[in-house]
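Peer 1: The following block contains the structure, expressed as structure tokens.
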Amino acid sequence: MADYSAIIKEKKDKSVLMDWLTTVDHKKLGVMYLIAGTLFFLKAGLMAVFMRIQLMFPESNFLDGQTYNEFITMHGTIMLFLAATPLLFAFMNYIIPLQIGARDVAFPFVNALGFWIFFFGGLLLSVSWFFGGAPDAGWTAYVPLSAGDYGHLGMDFYVIGLQISGIGTLISAINFIVTIVNMRAPGMTMMRMPLFCWTSLVTSLLIVFAFTPLAAGLALLMLDRLFGAQFFSPDSGGNAVLWQHIFWIFGHPEVYILVLPAFGIISEVIPAFSRKRLFGYTAMVFATLIIAFLGFMVWVHHMFTVGIGPVTNSVFAIATMAIGIPTGIKIFNWLFTMWGGKLTFNTAMLCASSFVPTFVLGGVTGVMLSMVPVDYLYHDTYFVVAHFHYIIVGGIVLGLLAGLYYWYPKMFGHHLNEKLGMLMFWMFYIGFHMTFFVQHILGLIGMPRRVYTYLEGQGMDTMNLISSIGAFLMSAGIIVLVINIVYSALKSERVVVSDPWDARTLEWSTPTPIPEYNFAQVPQVRSLDPLFYEKIHGDGKMKPAEPLSDIHMPNGSILPFIIGIGMFVWGFGMIMLNMENAIITPYAVIIPGFLLTFGSMLVRSIKEDHGYHITVEELKKLEKEVS
Amino acid sequence: MANELSKPFEKSALSEEDLYKMNKEKKVQITSFAFMIFLTFLAFIAVATEMVAPAFAVPFILVLAGMQFFLQMFYFMHLKDKGHEWANTFIIAGVVLSTPALIALTFLLGMTKY
Ligand code: HEM
Ligand SMILES: [Cu+2]
């Protein structure tokens, strides 16, 4: 057994780059998700700005129709799969083990694998720009637009890239489930778990059941496109509507996959800055479960206008409206948490509390959309665009920002600057409403979505201009955030206390910066909001649940990274099957990729790696250093 | 310590009771496996021979399928066992969530409008 000081030395010898490429530490992976997600977010945001420039004036020629289509597709796909999901995963990765009092996730290696597969899948999708253009059939990729006859090579990148990154998302979700089920500290019963862990658990469950149909659908589309199958081509006995069903059986749960962790973040931030426990914790848990259940029963509301029939439409309309009930419960619980609390309005709290009204607006338009007769009017207009942006930007992005400002001191050891934070918030919030509020009206007067321009004199000019200006303001807000991150890294005071917000949950009982093993002794949890309980009934420190003893740690590994590259190469080779003038035969790419992927798996299976131990003496030394 | 992990065990760590339970479980598995083969055989007969009227064969096979599903879940995927509550929760959640989708797709993809 290698002893710890030797490992430390080896680590120091390793370059920083190798350290990050081989890490299996949930905290570092969380930061990597955060960085990767932010890069994808900025990229897709830039596309949105280009689209808004195009729509600023009628009959503008800034972008042509084809480029515009590629932008809407990439914007939507990236934002949902490669920006929002990984950003939420960043917090889930970083915070869940800390909140449940664990030393890492259940399978650290799988965690790294999930990250690299997601990352290389996203990269594969992104390189489509260099091979004849990005996918252009919308993030929903409806057939026949996305099938062989109409969809060009870009769609192959969509189909293969998403399949790969989907595998990464799926295995990470399974990892979170196992972690939450098995790794809770003594005394941390399910009903004492912070709400963020609950919503993450439910989200992971939704991922397992929703990404599998998506994977199946994408596989069928791939067979259609690459191997001449006819699942979706009516001429040969296939069924085009089948794709829509499969897509939305995944697609509606997906929107809840994104919003539930955001709910969780809000449910952490609001109690922390209201100095009160979360109102109606049990109701919150059950509302989450009901939302998850109903989320699977409503997918046809995206297909009302397909003409499936009145009874079906009514059933799904009612199911959709029913979701408003558990969602309403949550809204009121957040309000009651704030009611009578000692409120502190810093940036995190501003984002969290303003989430509530914007999310209500999105919910209200959602219920409006679920009424079938009027949905015939709203469908595929800017009204729908306004609806889901109120939820995604006003809900998920604000939730992410709240989480960022709240957990930043724990993650990076210093606060984000509050003045710049406030500036960012107000620019973003005002810009957001300017951009999307008028889009409701644009939709009502008939502006169709996904069309690259509009005619003059139809009453749409002013509102589109307002919307574009709002988008610029919002982007400026994000630029302020980037400036804030750099500025605070250089100027902000280091946080040395473990609990800068005087908060309630376990992650704030760890020292800052957090040691690699999180908890020298796993804490004993005695109540909901365990740290708060100890502050009131104990000495303000968590009681240990075990004596100080050797800690078993996993070794880092480069294999996840190599498997990611292998899948990238393999996927690229598959896409080359459809390339007209590929320089080399596709099999010269597919086979190495395949061998790289499965070869690394083989190495992982036969090479024994039992990790290492941090002995008690070393632990004592390390603990002295941090305190 | 870690190096020791790779060494093979000298003798089984199972107690008498564990062994007894394992053998019992083995018997249960084999019995249910045989029974499932028998059910498959019945289903096969129902369609391959003319002994059963088609109007009866369809519901008959569906009932058999239901039984197969039950056996698969409870005996082979251990839903019946103690200590499997979490696994049960997730498997049942999967069944509950996917059944409506399957039913809906069976009906909604045809020509008839509902
Ligand atoms: C009370 C809750 C909600 C209701 C009743 C609701 C209802 C609807 C309906 C009926 C549509 C279809 C509109 C049409 O195409 O004609 C729709 C579209 C959409 N909703 Fe919601 N929704 C709700 C919550 C959410 C949430 C939480 C999210 C995201 C986190 C979301 C994201 C979307 C998206 C992305 C679309 C458009 C999909 C597309 O066509 O590209 N919705 N919603
Ligand atoms: Cu939906």
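Ordering of the structure tokens sets the chain letters (A, B, ...), residue numbers begin anew at 1 in every chain, and ligands are numbered from 1 in the order given.
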What parts of range 259-402 of chain A does DSSP call alpha helix (DSSP H)? I'd like the answer as a tab-separated table (two decimals) with C-alpha atoms, in the first residue's frame.

Peer 2:
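Generated output (states_25.tsv):
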chain	number	residue	atom	x	y	z
A	259	VAL	CA	-36.19	22.80	-13.18
A	260	LEU	CA	-36.25	20.47	-10.16
A	261	PRO	CA	-32.61	21.01	-9.15
A	262	ALA	CA	-33.21	24.73	-9.58
A	263	PHE	CA	-36.16	24.35	-7.18
A	264	GLY	CA	-33.73	22.63	-4.84
A	265	ILE	CA	-31.21	25.47	-4.99
A	266	ILE	CA	-33.95	28.00	-4.30
A	267	SER	CA	-35.11	25.91	-1.36
A	268	GLU	CA	-31.60	26.11	0.10
A	269	VAL	CA	-30.95	29.78	-0.52
A	270	ILE	CA	-34.29	31.18	0.66
A	271	PRO	CA	-34.20	29.59	4.16
A	272	ALA	CA	-30.53	30.55	4.56
A	273	PHE	CA	-31.24	34.23	3.97
A	274	SER	CA	-34.62	34.29	5.69
A	281	TYR	CA	-40.57	20.62	4.15
A	282	THR	CA	-42.66	17.45	3.91
A	283	ALA	CA	-45.10	19.05	1.50
A	284	MET	CA	-42.15	20.17	-0.60
A	285	VAL	CA	-40.83	16.62	-0.82
A	286	PHE	CA	-44.17	15.20	-1.83
A	287	ALA	CA	-44.84	18.01	-4.29
A	288	THR	CA	-41.52	17.14	-5.93
A	289	LEU	CA	-42.52	13.50	-6.23
A	290	ILE	CA	-45.94	14.37	-7.65
A	291	ILE	CA	-44.41	16.75	-10.19
A	292	ALA	CA	-42.05	13.98	-11.27
A	293	PHE	CA	-44.91	11.56	-11.69
A	294	LEU	CA	-47.15	13.97	-13.57
A	295	GLY	CA	-44.22	15.11	-15.69
A	310	PRO	CA	-60.31	15.34	-28.97
A	311	VAL	CA	-60.48	12.77	-26.15
A	312	THR	CA	-56.73	12.30	-26.06
A	313	ASN	CA	-56.12	16.02	-26.17
A	314	SER	CA	-58.55	16.61	-23.28
A	315	VAL	CA	-57.01	13.91	-21.11
A	316	PHE	CA	-53.55	15.33	-21.58
A	317	ALA	CA	-54.77	18.89	-21.14
A	318	ILE	CA	-56.21	18.02	-17.73
A	319	ALA	CA	-53.08	16.13	-16.73
A	320	THR	CA	-51.04	19.18	-17.70
A	321	MET	CA	-53.16	21.56	-15.69
A	322	ALA	CA	-52.85	19.26	-12.69
A	324	GLY	CA	-50.02	23.50	-11.53
A	325	ILE	CA	-51.19	22.18	-8.15
A	326	PRO	CA	-47.92	20.75	-6.74
A	327	THR	CA	-46.06	23.63	-8.34
A	328	GLY	CA	-48.36	26.06	-6.56
A	329	ILE	CA	-47.67	24.29	-3.27
A	330	LYS	CA	-44.00	24.97	-3.76
A	331	ILE	CA	-44.52	28.60	-4.63
A	332	PHE	CA	-46.52	29.19	-1.45
A	333	ASN	CA	-43.99	27.35	0.66
A	334	TRP	CA	-41.23	29.63	-0.56
A	335	LEU	CA	-43.37	32.67	0.14
A	336	PHE	CA	-44.21	31.41	3.63
A	337	THR	CA	-40.55	30.71	4.27
A	338	MET	CA	-39.80	34.36	3.59
A	347	THR	CA	-27.24	38.81	-4.73
A	348	ALA	CA	-27.97	35.15	-4.03
A	349	MET	CA	-31.20	36.02	-2.25
A	350	LEU	CA	-32.22	38.53	-4.93
A	351	CYS	CA	-31.86	35.86	-7.60
A	352	ALA	CA	-33.66	33.29	-5.48
A	353	SER	CA	-36.57	35.47	-4.46
A	354	SER	CA	-37.10	36.98	-7.91
A	355	PHE	CA	-37.20	33.43	-9.24
A	356	VAL	CA	-40.58	33.06	-7.57
A	357	PRO	CA	-42.62	35.66	-9.54
A	358	THR	CA	-40.95	34.95	-12.89
A	359	PHE	CA	-41.56	31.27	-12.44
A	360	VAL	CA	-45.21	31.95	-11.65
A	361	LEU	CA	-45.51	33.89	-14.91
A	362	GLY	CA	-44.05	30.96	-16.80
A	363	GLY	CA	-46.42	28.60	-15.03
A	364	VAL	CA	-49.43	30.74	-15.85
A	365	THR	CA	-48.60	30.82	-19.55
A	366	GLY	CA	-48.02	27.07	-19.29
A	367	VAL	CA	-51.53	26.51	-18.03
A	368	MET	CA	-52.80	28.82	-20.78
A	369	LEU	CA	-50.98	26.69	-23.35
A	372	VAL	CA	-56.34	22.80	-26.31
A	373	PRO	CA	-58.57	25.20	-28.27
A	374	VAL	CA	-56.36	28.19	-27.60
A	375	ASP	CA	-53.21	26.18	-28.03
A	376	TYR	CA	-54.18	25.93	-31.71
A	377	LEU	CA	-53.62	29.67	-31.66
A	378	TYR	CA	-50.50	29.80	-29.54
A	382	TYR	CA	-43.49	33.44	-29.99
A	383	PHE	CA	-45.96	32.90	-27.15
A	384	VAL	CA	-44.47	29.45	-26.63
A	385	VAL	CA	-40.98	30.93	-26.85
A	386	ALA	CA	-41.90	33.45	-24.15
A	387	HIS	CA	-43.42	30.70	-21.99
A	388	PHE	CA	-40.42	28.46	-21.88
A	389	HIS	CA	-37.91	31.25	-21.58
A	390	TYR	CA	-39.73	32.58	-18.55
A	391	ILE	CA	-39.24	29.18	-17.02
A	398	LEU	CA	-31.78	32.56	-11.89
A	399	GLY	CA	-31.63	29.43	-9.76
A	400	LEU	CA	-28.15	28.71	-11.08
A	401	LEU	CA	-27.03	32.26	-10.38
A	402	ALA	CA	-28.43	32.08	-6.86

Peer 1: Tell me as a list of chain:residue names which residues belonging to chain B come within 9 Å of chain A, counting only C-alpha atoms.

Peer 2: B:Met1, B:Ala2, B:Asn3, B:Leu5, B:Ser6, B:Trp86, B:Phe90, B:Ala93, B:Gly94, B:Val96, B:Leu97, B:Ser98, B:Pro100, B:Ala101, B:Leu105, B:Leu108, B:Leu109, B:Thr112, B:Lys113, B:Tyr114

Peer 1: Which one of A:Leu218, A:Ile95, A:Ala134, A:Ile72 sits closest to ligand 1 if you count only C-alpha atoms and all ligand atoms?

Peer 2: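 Nearest to ligand 1: A:Ile72.
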
Peer 1: With only C-alpha atoms as the counted atoms, please give the residues lying no more than 6 Å from range 107-120 of chain A, apart from itself and same-chain residues fewer than 6 positions off, as a PyMOL selection string.

Peer 2: chain A and resi 24+165+168+171-172+560-561+564+568

Peer 1: May I have the residues within 12 Å of Glu25 in chain B as an MDAnalysis selection string, using only C-alpha atoms and disregarding those fewer than 4 positions away in the same chain?

Peer 2: chainID B and resid 18:21 29:32 75:76 78 80:81

Peer 1: Could you check the closest approach to ligand 1 for each of A:Gly187, A:Pro544, A:Pro448, A:Gly237 and tell me which residue wins, using only C-alpha atoms and all ligand atoms?

Peer 2: A:Pro448

Peer 1: Show which residues sit within 9 Å of range 39-44 of chain B, as number ranges by chain. Count only C-alpha atoms, and ignore same-chain residues fewer than 5 positions away.

Peer 2: B: 34, 49, 57, 60-61, 64-65, 67-68
